$ cat input_28.txt   # compact mmCIF, C-alpha atoms and all ligand atoms
# COMPACT_ATOMS: atom_id res chain seq x y z
CA MET A 1 2.52 -17.05 11.00
CA ILE A 2 -0.98 -16.56 12.33
CA GLN A 3 -1.75 -13.47 14.24
CA PRO A 4 -4.98 -11.62 14.88
CA PRO A 5 -5.07 -8.40 12.90
CA ASN A 6 -6.09 -5.10 14.46
CA THR A 7 -9.67 -4.06 13.95
CA ASN A 8 -11.12 -0.59 13.93
CA ASN A 9 -14.06 -0.41 16.32
CA GLU A 10 -14.63 3.28 15.80
CA THR A 11 -18.11 4.48 15.07
CA ASP A 12 -17.47 8.22 14.95
CA GLY A 13 -15.67 8.13 11.63
CA ARG A 14 -12.37 9.32 13.03
CA SER A 15 -9.33 7.13 12.73
CA ASP A 16 -7.21 8.41 15.64
CA HIS A 17 -7.40 5.05 17.31
CA ILE A 18 -6.12 3.23 14.22
CA PHE A 19 -3.40 5.84 13.65
CA GLU A 20 -2.20 5.40 17.25
CA ARG A 21 -2.07 1.66 16.77
CA ILE A 22 -0.14 1.98 13.53
CA VAL A 23 2.43 4.16 15.35
CA THR A 24 2.77 1.62 18.18
CA ASP A 25 3.04 -1.31 15.77
CA ILE A 26 5.68 0.40 13.60
CA ASN A 27 7.68 1.30 16.72
CA THR A 28 7.58 -2.23 18.12
CA LYS A 29 7.73 -4.46 15.04
CA GLY A 30 8.01 -2.30 11.92
CA TYR A 31 4.69 -3.27 10.36
CA SER A 32 0.99 -2.95 11.08
CA ILE A 33 -1.95 -4.95 9.72
CA ASN A 34 -5.42 -3.52 10.37
CA GLN A 35 -8.73 -5.00 9.26
CA ALA A 36 -11.67 -2.72 8.49
CA ALA A 37 -9.45 0.26 9.26
CA LEU A 38 -10.29 2.46 6.29
CA PRO A 39 -13.37 4.57 7.20
CA SER A 40 -16.20 2.92 5.29
CA ALA A 41 -17.47 6.19 3.76
CA LEU A 42 -14.01 6.83 2.34
CA GLY A 43 -13.66 3.25 1.15
CA ASN A 44 -16.99 3.39 -0.65
CA LYS A 45 -16.13 6.70 -2.27
CA LEU A 46 -12.80 5.37 -3.50
CA ALA A 47 -14.42 2.19 -4.83
CA GLN A 48 -17.09 4.24 -6.63
CA TYR A 49 -14.46 6.51 -8.12
CA LEU A 50 -12.46 3.47 -9.21
CA ASN A 51 -15.54 2.31 -11.15
CA THR A 52 -15.58 5.54 -13.14
CA ILE A 53 -11.92 5.28 -14.16
CA SER A 54 -11.70 3.64 -17.54
CA GLY A 55 -9.20 0.94 -18.39
CA ASP A 56 -7.40 3.52 -20.55
CA ASP A 57 -6.42 5.47 -17.44
CA PHE A 58 -4.54 2.48 -16.08
CA ASP A 59 -0.96 1.94 -17.22
CA HIS A 60 1.07 -1.19 -16.96
CA ALA A 61 3.30 -0.94 -13.93
CA GLY A 62 7.06 -0.85 -14.38
CA ILE A 63 9.99 -2.05 -12.35
CA GLY A 64 12.88 -0.04 -10.99
CA ARG A 65 13.80 3.57 -10.57
CA ASP A 66 15.31 4.26 -13.96
CA LEU A 67 13.72 7.00 -16.00
CA GLU A 68 12.99 4.45 -18.62
CA VAL A 69 10.61 2.32 -16.63
CA LYS A 70 10.44 -1.05 -18.23
CA ARG A 71 7.51 -3.35 -18.13
CA ASP A 72 8.42 -6.77 -16.82
CA GLU A 73 5.59 -9.22 -16.74
CA LEU A 74 7.79 -11.81 -15.08
CA VAL A 75 7.85 -9.65 -11.97
CA ARG A 76 4.50 -7.93 -11.87
CA GLY A 77 1.37 -7.89 -13.98
CA ASP A 78 -0.74 -5.18 -12.41
CA GLU A 79 -1.92 -1.94 -13.96
CA ILE A 80 -1.77 1.32 -12.03
CA CYS A 81 -3.42 4.75 -11.94
CA TRP A 82 -1.90 7.52 -9.79
CA ILE A 83 -4.23 9.26 -7.33
CA THR A 84 -4.29 13.05 -7.32
CA GLY A 85 -6.38 15.60 -5.44
CA GLU A 86 -8.28 16.44 -8.62
CA SER A 87 -11.11 14.07 -7.83
CA ASP A 88 -13.35 14.30 -4.77
CA ALA A 89 -12.44 10.78 -3.72
CA GLY A 90 -8.74 11.55 -4.20
CA LYS A 91 -9.10 14.69 -2.05
CA ASP A 92 -10.76 12.74 0.78
CA TRP A 93 -8.10 10.04 0.53
CA LEU A 94 -5.25 12.55 0.72
CA HIS A 95 -6.97 14.28 3.66
CA TRP A 96 -7.13 10.99 5.56
CA ILE A 97 -3.48 10.34 4.70
CA ALA A 98 -2.48 13.81 5.94
CA GLU A 99 -4.11 13.05 9.31
CA MET A 100 -2.25 9.76 9.51
CA GLN A 101 1.01 11.48 8.57
CA LEU A 102 0.60 13.91 11.50
CA TYR A 103 0.29 11.01 13.93
CA ILE A 104 3.22 9.20 12.42
CA ASN A 105 5.47 12.24 12.45
CA ARG A 106 4.57 12.94 16.08
CA GLY A 107 5.03 9.34 17.19
CA LEU A 108 7.86 8.05 15.04
CA PHE A 109 10.14 10.96 14.13
CA LEU A 110 10.54 9.64 10.64
CA GLY A 111 10.24 13.15 9.17
CA LEU A 112 7.83 12.10 6.46
CA PHE A 113 7.20 14.99 4.12
CA SER A 114 5.30 13.72 1.14
CA PHE A 115 3.08 10.95 -0.07
CA GLU A 116 2.35 9.34 -3.40
CA SER A 117 -0.14 6.60 -4.18
CA HIS A 118 -1.83 4.75 -7.00
CA PHE A 119 -4.68 2.36 -7.57
CA SER A 120 -3.54 -1.08 -8.68
CA HIS A 121 -5.60 -3.50 -10.69
CA TYR A 122 -4.51 -7.13 -10.79
CA ALA A 123 -6.54 -9.13 -13.32
CA THR A 124 -6.96 -12.89 -13.00
CA GLY A 125 -3.52 -14.51 -13.26
CA ASP A 126 -1.60 -11.40 -12.18
CA PHE A 127 0.91 -11.33 -9.33
CA TYR A 128 3.80 -9.24 -8.05
CA ARG A 129 6.90 -11.25 -7.14
CA ARG A 130 8.77 -10.77 -3.90
CA HIS A 131 10.35 -7.30 -3.79
CA TYR A 132 11.34 -4.36 -1.59
CA ASP A 133 9.72 -0.97 -2.10
CA ALA A 134 13.00 0.79 -1.25
CA PHE A 135 16.65 -0.05 -0.93
CA LYS A 136 18.95 0.96 1.89
CA GLY A 137 21.06 3.98 1.12
CA GLN A 138 19.11 5.26 -1.85
CA ALA A 139 15.68 5.23 -0.30
CA ASN A 140 13.43 8.15 0.12
CA ARG A 141 10.48 5.86 0.38
CA VAL A 142 10.28 5.30 4.10
CA LEU A 143 6.90 3.86 4.86
CA SER A 144 4.77 1.73 2.53
CA MET A 145 1.06 1.37 2.80
CA VAL A 146 -1.48 -0.81 1.04
CA VAL A 147 -5.26 -0.54 1.28
CA TYR A 148 -7.71 -3.01 -0.25
CA LEU A 149 -11.00 -2.30 -1.99
CA ASN A 150 -12.32 -5.82 -2.64
CA SER A 151 -15.65 -6.94 -1.22
CA ASP A 152 -16.30 -10.57 -0.27
CA TRP A 153 -12.81 -11.88 -0.89
CA THR A 154 -12.56 -15.63 -0.28
CA GLN A 155 -9.61 -17.94 0.16
CA GLU A 156 -10.18 -19.41 -3.32
CA ASP A 157 -9.67 -15.96 -4.80
CA GLY A 158 -5.95 -16.06 -3.97
CA GLY A 159 -4.18 -12.72 -4.44
CA GLU A 160 -2.90 -12.55 -0.87
CA LEU A 161 -0.18 -10.14 0.17
CA VAL A 162 2.67 -12.00 1.86
CA LEU A 163 4.77 -9.78 4.09
CA TYR A 164 8.18 -11.23 5.04
CA THR A 165 9.62 -10.01 8.32
CA ASN A 166 13.23 -10.03 7.06
CA SER A 167 15.31 -11.03 4.03
CA ASN A 168 15.62 -14.65 5.26
CA ASP A 169 11.96 -15.13 6.08
CA VAL A 170 10.36 -17.60 3.68
CA GLU A 171 7.11 -18.12 5.57
CA GLY A 172 5.86 -14.57 5.90
CA ILE A 173 2.57 -13.20 7.12
CA THR A 174 -0.37 -13.73 4.78
CA VAL A 175 -2.89 -10.91 4.39
CA THR A 176 -6.25 -11.34 2.66
CA PRO A 177 -6.93 -8.31 0.41
CA SER A 178 -10.33 -7.59 1.95
CA PHE A 179 -12.16 -4.29 1.74
CA GLY A 180 -10.84 -1.75 4.25
CA THR A 181 -7.73 -3.63 5.38
CA VAL A 182 -4.81 -1.24 5.82
CA VAL A 183 -1.22 -2.53 5.87
CA VAL A 184 1.73 -0.28 6.74
CA PHE A 185 5.39 -1.28 6.90
CA LEU A 186 8.92 0.15 6.78
CA SER A 187 9.80 0.17 3.08
CA GLU A 188 13.45 -0.92 3.46
CA ASP A 189 12.84 -3.74 5.92
CA PHE A 190 10.03 -5.90 4.59
CA PRO A 191 10.20 -7.84 1.34
CA HIS A 192 6.71 -8.75 0.19
CA GLU A 193 4.80 -10.24 -2.71
CA VAL A 194 1.32 -10.52 -4.18
CA LEU A 195 0.31 -14.12 -4.89
CA THR A 196 -1.50 -14.94 -8.14
CA THR A 197 -5.03 -13.63 -8.04
CA HIS A 198 -8.00 -15.60 -9.36
CA ARG A 199 -10.32 -12.61 -9.72
CA ASP A 200 -9.98 -8.87 -10.30
CA ARG A 201 -8.12 -7.41 -7.35
CA TYR A 202 -8.04 -3.70 -6.47
CA SER A 203 -5.70 -2.02 -4.02
CA ILE A 204 -4.12 1.32 -3.32
CA ALA A 205 -0.38 1.28 -2.83
CA GLY A 206 1.15 4.38 -1.25
CA TRP A 207 4.49 5.58 0.04
CA PHE A 208 5.47 8.24 2.55
CA ARG A 209 8.74 9.81 1.60
CA ILE A 210 11.43 11.96 3.12
CA ASN A 211 13.34 14.59 1.22
CA SER A 212 16.35 13.23 -0.57
CA SER A 213 18.92 15.94 -1.23
CA THR A 214 20.89 13.72 -3.57
CA ASN A 215 17.87 13.02 -5.67
CA ASP A 216 18.13 15.25 -8.71
CA ARG A 217 15.98 13.20 -11.01
CA ALA A 218 12.37 12.34 -11.30
CA ASP A 219 11.42 9.27 -9.31
CA PRO A 220 9.27 6.97 -11.37
CA PRO A 221 7.27 4.27 -9.63
CA SER A 222 9.03 1.10 -8.66
C1 LIG B 301 3.28 -2.61 -4.52
C2 LIG B 301 2.78 -3.72 -3.68
C3 LIG B 301 0.96 -4.93 -2.66
C4 LIG B 301 -0.50 -5.22 -2.81
O1 LIG B 301 2.49 -2.04 -5.30
O2 LIG B 301 4.48 -2.26 -4.40
O3 LIG B 301 3.59 -4.37 -3.09
O4 LIG B 301 -0.98 -6.02 -1.98
N1 LIG B 301 1.45 -3.97 -3.59
O5 LIG B 301 -1.17 -4.71 -3.71
MN MN B 302 5.52 -3.34 -2.91

$ encode --input "input_28.txt" --output "structure tokens"
Amino acid sequence: MIQPPNTNNETDGRSDHIFERIVTDINTKGYSINQAALPSALGNKLAQYLNTISGDDFDHAGIGRDLEVKRDELVRGDEICWITGESDAGKDWLHWIAEMQLYINRGLFLGLFSFESHFSHYATGDFYRRHYDAFKGQANRVLSMVVYLNSDWTQEDGGELVLYTNSNDVEGITVTPSFGTVVVFLSEDFPHEVLTTHRDRYSIAGWFRINSSTNDRADPPS
């Protein structure tokens, strides 16, 4: 499916316009794809910070919600590093997210109350097979978001995100992981995958959550 992505034409550094569009998109179709939507100052700061994080700070990503997160290279090969407010870049990121969350809560009534996110590094040859970020009934991950930090991505580089519009969709919508692109979608409704990358690929994956009263255990990444 080919469709023109949204673009952020803002010059004043505020993202209200993009946040409004995300709300409208989620309301009408459940997902939102926005090119050059991350404020460039924030994107540069995050990319710089990423450069200072050593490989040791990245952990191999696991699958599933069990406390014993197992590594499964048949499903995903990326390494992750959780983002906290301890770094300057992390603070700015979480501030931008908090602004977005206000818009989303006003416009969507999803009752989002928290957010978690991590950097992902996919090395050459890595991928993440088709999956959901949350499952109906047990989900407190409501809204997924992915932001890309790769300059000059070309078609030969591979590593596209493919977002499927429902469980039967085999074609999907292909997203190039270019710097500043912001993708948001309802976690329970959109299976998606990362195609094999042919160069180092950096993204931030984040999830807005609602409170889950039945959840009495720690929620490891899935
Ligand atoms: C994930 C994910 C997509 C991407 O981490 O759950 O689907 O494009 N990431 O990095
Ligand atoms: Mn995912």

$ atom_distance --input "input_28.txt" --atom1 "atom CA of Val170 of chain A" --atom2 "atom CA of Val142 of chain A"
22.9 Å

$ closest_residue --input "input_28.txt" --among "A:Ala89, A:Leu74, A:Val23, A:Ile80" --to "Thr52 of chain A" --atoms "all atoms listed in the file"
A:Ala89

$ residues_near_ligand --input "input_28.txt" --ligand "ligand LIG 301 (chain B)" --cutoff "10 Å" --atoms "all atoms listed in the file" --output "VMD selection string"
chain A and resid 61 63 76 78 to 80 117 to 122 127 to 134 144 to 148 159 to 163 175 to 177 182 to 183 187 191 to 195 201 to 207 221 to 222

$ atom_distance --input "input_28.txt" --atom1 "atom CA of Ile18 of chain A" --atom2 "atom CA of Leu42 of chain A"
14.7 Å

$ atom_distance --input "input_28.txt" --atom1 "atom CA of Thr84 of chain A" --atom2 "atom CA of Leu46 of chain A"
12.1 Å

$ residues_around --input "input_28.txt" --residues "Trp93 of chain A" --least-positions-apart "5" --cutoff "9 Å" --atoms "all atoms listed in the file" --output "mmCIF file with C-alpha atoms, keeping the file's coordinate frame"
data_model
loop_
_atom_site.group_PDB
_atom_site.id
_atom_site.type_symbol
_atom_site.label_atom_id
_atom_site.label_comp_id
_atom_site.auth_asym_id
_atom_site.auth_seq_id
_atom_site.Cartn_x
_atom_site.Cartn_y
_atom_site.Cartn_z
ATOM 1 C CA LEU A 42 -14.010 6.830 2.340
ATOM 2 C CA GLY A 43 -13.660 3.250 1.150
ATOM 3 C CA LEU A 46 -12.800 5.370 -3.500
ATOM 4 C CA ILE A 83 -4.230 9.260 -7.330
ATOM 5 C CA GLY A 85 -6.380 15.600 -5.440
ATOM 6 C CA ASP A 88 -13.350 14.300 -4.770
ATOM 7 C CA ALA A 98 -2.480 13.810 5.940
#

$ closest_residue --input "input_28.txt" --among "A:Ser54, A:Tyr103, A:Val75, A:Thr154" --to "ligand MN 302 (chain B)" --atoms "only C-alpha atoms and all ligand atoms"
A:Val75

$ closest_residue --input "input_28.txt" --among "A:Phe115, A:Phe19, A:Phe190, A:Phe179" --to "Ala47 of chain A" --atoms "all atoms listed in the file"
A:Phe179

$ closest_residue --input "input_28.txt" --among "A:Ile173, A:Ile33, A:Tyr49, A:Arg141" --to "ligand MN 302 (chain B)" --atoms "all atoms listed in the file"
A:Arg141

$ closest_residue --input "input_28.txt" --among "A:Leu143, A:Ile210, A:Leu149, A:Leu112" --to "Tyr31 of chain A" --atoms "all atoms listed in the file"
A:Leu143

$ closest_residue --input "input_28.txt" --among "A:Leu108, A:Gly90, A:Gly137, A:Gly62" --to "ligand MN 302 (chain B)" --atoms "only C-alpha atoms and all ligand atoms"
A:Gly62

$ residues_near_point --input "input_28.txt" --point "(-4.2, -14.1, -8.0)" --cutoff "6 Å" --atoms "only C-alpha atoms" --output "list in words"
Thr124, Gly125, Asp126, Phe127, Gly158, Gly159, Leu195, Thr196, Thr197 and His198 of chain A

$ residues_around --input "input_28.txt" --residues "Asp16 of chain A" --least-positions-apart "4" --cutoff "9 Å" --atoms "all atoms listed in the file" --output "CSV table (one decimal) with C-alpha atoms, in the frame of the given file"
chain,number,residue,atom,x,y,z
A,20,GLU,CA,-2.2,5.4,17.2
A,21,ARG,CA,-2.1,1.7,16.8
A,99,GLU,CA,-4.1,13.0,9.3
A,100,MET,CA,-2.2,9.8,9.5
A,103,TYR,CA,0.3,11.0,13.9

$ residues_around --input "input_28.txt" --residues "segment 25-29 of chain A" --least-positions-apart "3" --cutoff "8 Å" --atoms "all atoms listed in the file" --output "ChimeraX atom specification"
/A:21-22,32,108,184-186

$ build_atoms --input "input_28.txt" --residues "segment 169-180 of chain A" --atoms "all heavy atoms" --output "PDB file, keeping the file's coordinate frame"
ATOM      1  N   ASP A 169      13.279 -14.561   5.781  1.00  0.00           N
ATOM      2  CA  ASP A 169      11.960 -15.130   6.080  1.00  0.00           C
ATOM      3  C   ASP A 169      11.361 -15.721   4.805  1.00  0.00           C
ATOM      4  O   ASP A 169      11.282 -15.050   3.776  1.00  0.00           O
ATOM      5  CB  ASP A 169      11.058 -14.011   6.637  1.00  0.00           C
ATOM      6  CG  ASP A 169       9.684 -14.516   7.074  1.00  0.00           C
ATOM      7  OD1 ASP A 169       9.460 -15.738   7.056  1.00  0.00           O
ATOM      8  OD2 ASP A 169       8.851 -13.672   7.442  1.00  0.00           O
ATOM      9  N   VAL A 170      10.999 -16.999   4.856  1.00  0.00           N
ATOM     10  CA  VAL A 170      10.360 -17.600   3.680  1.00  0.00           C
ATOM     11  C   VAL A 170       8.887 -17.927   3.959  1.00  0.00           C
ATOM     12  O   VAL A 170       8.150 -18.273   3.053  1.00  0.00           O
ATOM     13  CB  VAL A 170      11.075 -18.908   3.233  1.00  0.00           C
ATOM     14  CG1 VAL A 170      12.421 -18.575   2.613  1.00  0.00           C
ATOM     15  CG2 VAL A 170      11.236 -19.880   4.374  1.00  0.00           C
ATOM     16  N   GLU A 171       8.493 -17.804   5.220  1.00  0.00           N
ATOM     17  CA  GLU A 171       7.110 -18.120   5.570  1.00  0.00           C
ATOM     18  C   GLU A 171       6.207 -16.892   5.395  1.00  0.00           C
ATOM     19  O   GLU A 171       5.216 -16.936   4.679  1.00  0.00           O
ATOM     20  CB  GLU A 171       7.063 -18.609   7.019  1.00  0.00           C
ATOM     21  CG  GLU A 171       5.713 -19.171   7.411  1.00  0.00           C
ATOM     22  CD  GLU A 171       5.621 -19.437   8.908  1.00  0.00           C
ATOM     23  OE1 GLU A 171       6.637 -19.262   9.607  1.00  0.00           O
ATOM     24  OE2 GLU A 171       4.545 -19.805   9.369  1.00  0.00           O
ATOM     25  N   GLY A 172       6.586 -15.818   6.037  1.00  0.00           N
ATOM     26  CA  GLY A 172       5.860 -14.570   5.900  1.00  0.00           C
ATOM     27  C   GLY A 172       4.523 -14.557   6.614  1.00  0.00           C
ATOM     28  O   GLY A 172       4.096 -15.540   7.207  1.00  0.00           O
ATOM     29  N   ILE A 173       3.891 -13.398   6.537  1.00  0.00           N
ATOM     30  CA  ILE A 173       2.570 -13.200   7.120  1.00  0.00           C
ATOM     31  C   ILE A 173       1.615 -12.987   5.952  1.00  0.00           C
ATOM     32  O   ILE A 173       1.849 -12.140   5.092  1.00  0.00           O
ATOM     33  CB  ILE A 173       2.561 -11.945   8.022  1.00  0.00           C
ATOM     34  CG1 ILE A 173       3.604 -12.087   9.131  1.00  0.00           C
ATOM     35  CG2 ILE A 173       1.174 -11.693   8.590  1.00  0.00           C
ATOM     36  CD1 ILE A 173       3.996 -10.773   9.745  1.00  0.00           C
ATOM     37  N   THR A 174       0.560 -13.779   5.909  1.00  0.00           N
ATOM     38  CA  THR A 174      -0.370 -13.730   4.780  1.00  0.00           C
ATOM     39  C   THR A 174      -1.538 -12.819   5.089  1.00  0.00           C
ATOM     40  O   THR A 174      -2.170 -12.949   6.135  1.00  0.00           O
ATOM     41  CB  THR A 174      -0.855 -15.158   4.468  1.00  0.00           C
ATOM     42  OG1 THR A 174       0.277 -15.967   4.169  1.00  0.00           O
ATOM     43  CG2 THR A 174      -1.789 -15.156   3.272  1.00  0.00           C
ATOM     44  N   VAL A 175      -1.804 -11.884   4.185  1.00  0.00           N
ATOM     45  CA  VAL A 175      -2.890 -10.910   4.390  1.00  0.00           C
ATOM     46  C   VAL A 175      -3.911 -11.059   3.267  1.00  0.00           C
ATOM     47  O   VAL A 175      -3.567 -10.986   2.084  1.00  0.00           O
ATOM     48  CB  VAL A 175      -2.336  -9.468   4.391  1.00  0.00           C
ATOM     49  CG1 VAL A 175      -3.449  -8.458   4.635  1.00  0.00           C
ATOM     50  CG2 VAL A 175      -1.218  -9.301   5.414  1.00  0.00           C
ATOM     51  N   THR A 176      -5.157 -11.277   3.637  1.00  0.00           N
ATOM     52  CA  THR A 176      -6.250 -11.340   2.660  1.00  0.00           C
ATOM     53  C   THR A 176      -6.598  -9.925   2.204  1.00  0.00           C
ATOM     54  O   THR A 176      -6.755  -9.037   3.048  1.00  0.00           O
ATOM     55  CB  THR A 176      -7.490 -11.986   3.328  1.00  0.00           C
ATOM     56  OG1 THR A 176      -7.106 -13.256   3.837  1.00  0.00           O
ATOM     57  CG2 THR A 176      -8.637 -12.138   2.352  1.00  0.00           C
ATOM     58  N   PRO A 177      -6.712  -9.699   0.894  1.00  0.00           N
ATOM     59  CA  PRO A 177      -6.930  -8.310   0.410  1.00  0.00           C
ATOM     60  C   PRO A 177      -8.384  -7.859   0.522  1.00  0.00           C
ATOM     61  O   PRO A 177      -9.007  -7.476  -0.469  1.00  0.00           O
ATOM     62  CB  PRO A 177      -6.461  -8.385  -1.043  1.00  0.00           C
ATOM     63  CG  PRO A 177      -6.721  -9.795  -1.452  1.00  0.00           C
ATOM     64  CD  PRO A 177      -6.500 -10.639  -0.220  1.00  0.00           C
ATOM     65  N   SER A 178      -8.916  -7.902   1.723  1.00  0.00           N
ATOM     66  CA  SER A 178     -10.330  -7.590   1.950  1.00  0.00           C
ATOM     67  C   SER A 178     -10.572  -6.098   2.103  1.00  0.00           C
ATOM     68  O   SER A 178      -9.715  -5.370   2.624  1.00  0.00           O
ATOM     69  CB  SER A 178     -10.817  -8.268   3.233  1.00  0.00           C
ATOM     70  OG  SER A 178     -10.682  -9.654   3.118  1.00  0.00           O
ATOM     71  N   PHE A 179     -11.745  -5.689   1.705  1.00  0.00           N
ATOM     72  CA  PHE A 179     -12.160  -4.290   1.740  1.00  0.00           C
ATOM     73  C   PHE A 179     -11.808  -3.644   3.089  1.00  0.00           C
ATOM     74  O   PHE A 179     -12.182  -4.158   4.142  1.00  0.00           O
ATOM     75  CB  PHE A 179     -13.672  -4.198   1.520  1.00  0.00           C
ATOM     76  CG  PHE A 179     -14.133  -2.815   1.181  1.00  0.00           C
ATOM     77  CD1 PHE A 179     -14.216  -2.396  -0.134  1.00  0.00           C
ATOM     78  CD2 PHE A 179     -14.483  -1.927   2.191  1.00  0.00           C
ATOM     79  CE1 PHE A 179     -14.637  -1.109  -0.443  1.00  0.00           C
ATOM     80  CE2 PHE A 179     -14.896  -0.639   1.882  1.00  0.00           C
ATOM     81  CZ  PHE A 179     -14.982  -0.236   0.568  1.00  0.00           C
ATOM     82  N   GLY A 180     -11.091  -2.533   3.043  1.00  0.00           N
ATOM     83  CA  GLY A 180     -10.840  -1.750   4.250  1.00  0.00           C
ATOM     84  C   GLY A 180      -9.614  -2.145   5.041  1.00  0.00           C
ATOM     85  O   GLY A 180      -9.238  -1.447   5.989  1.00  0.00           O
TER      86      GLY A 180
END
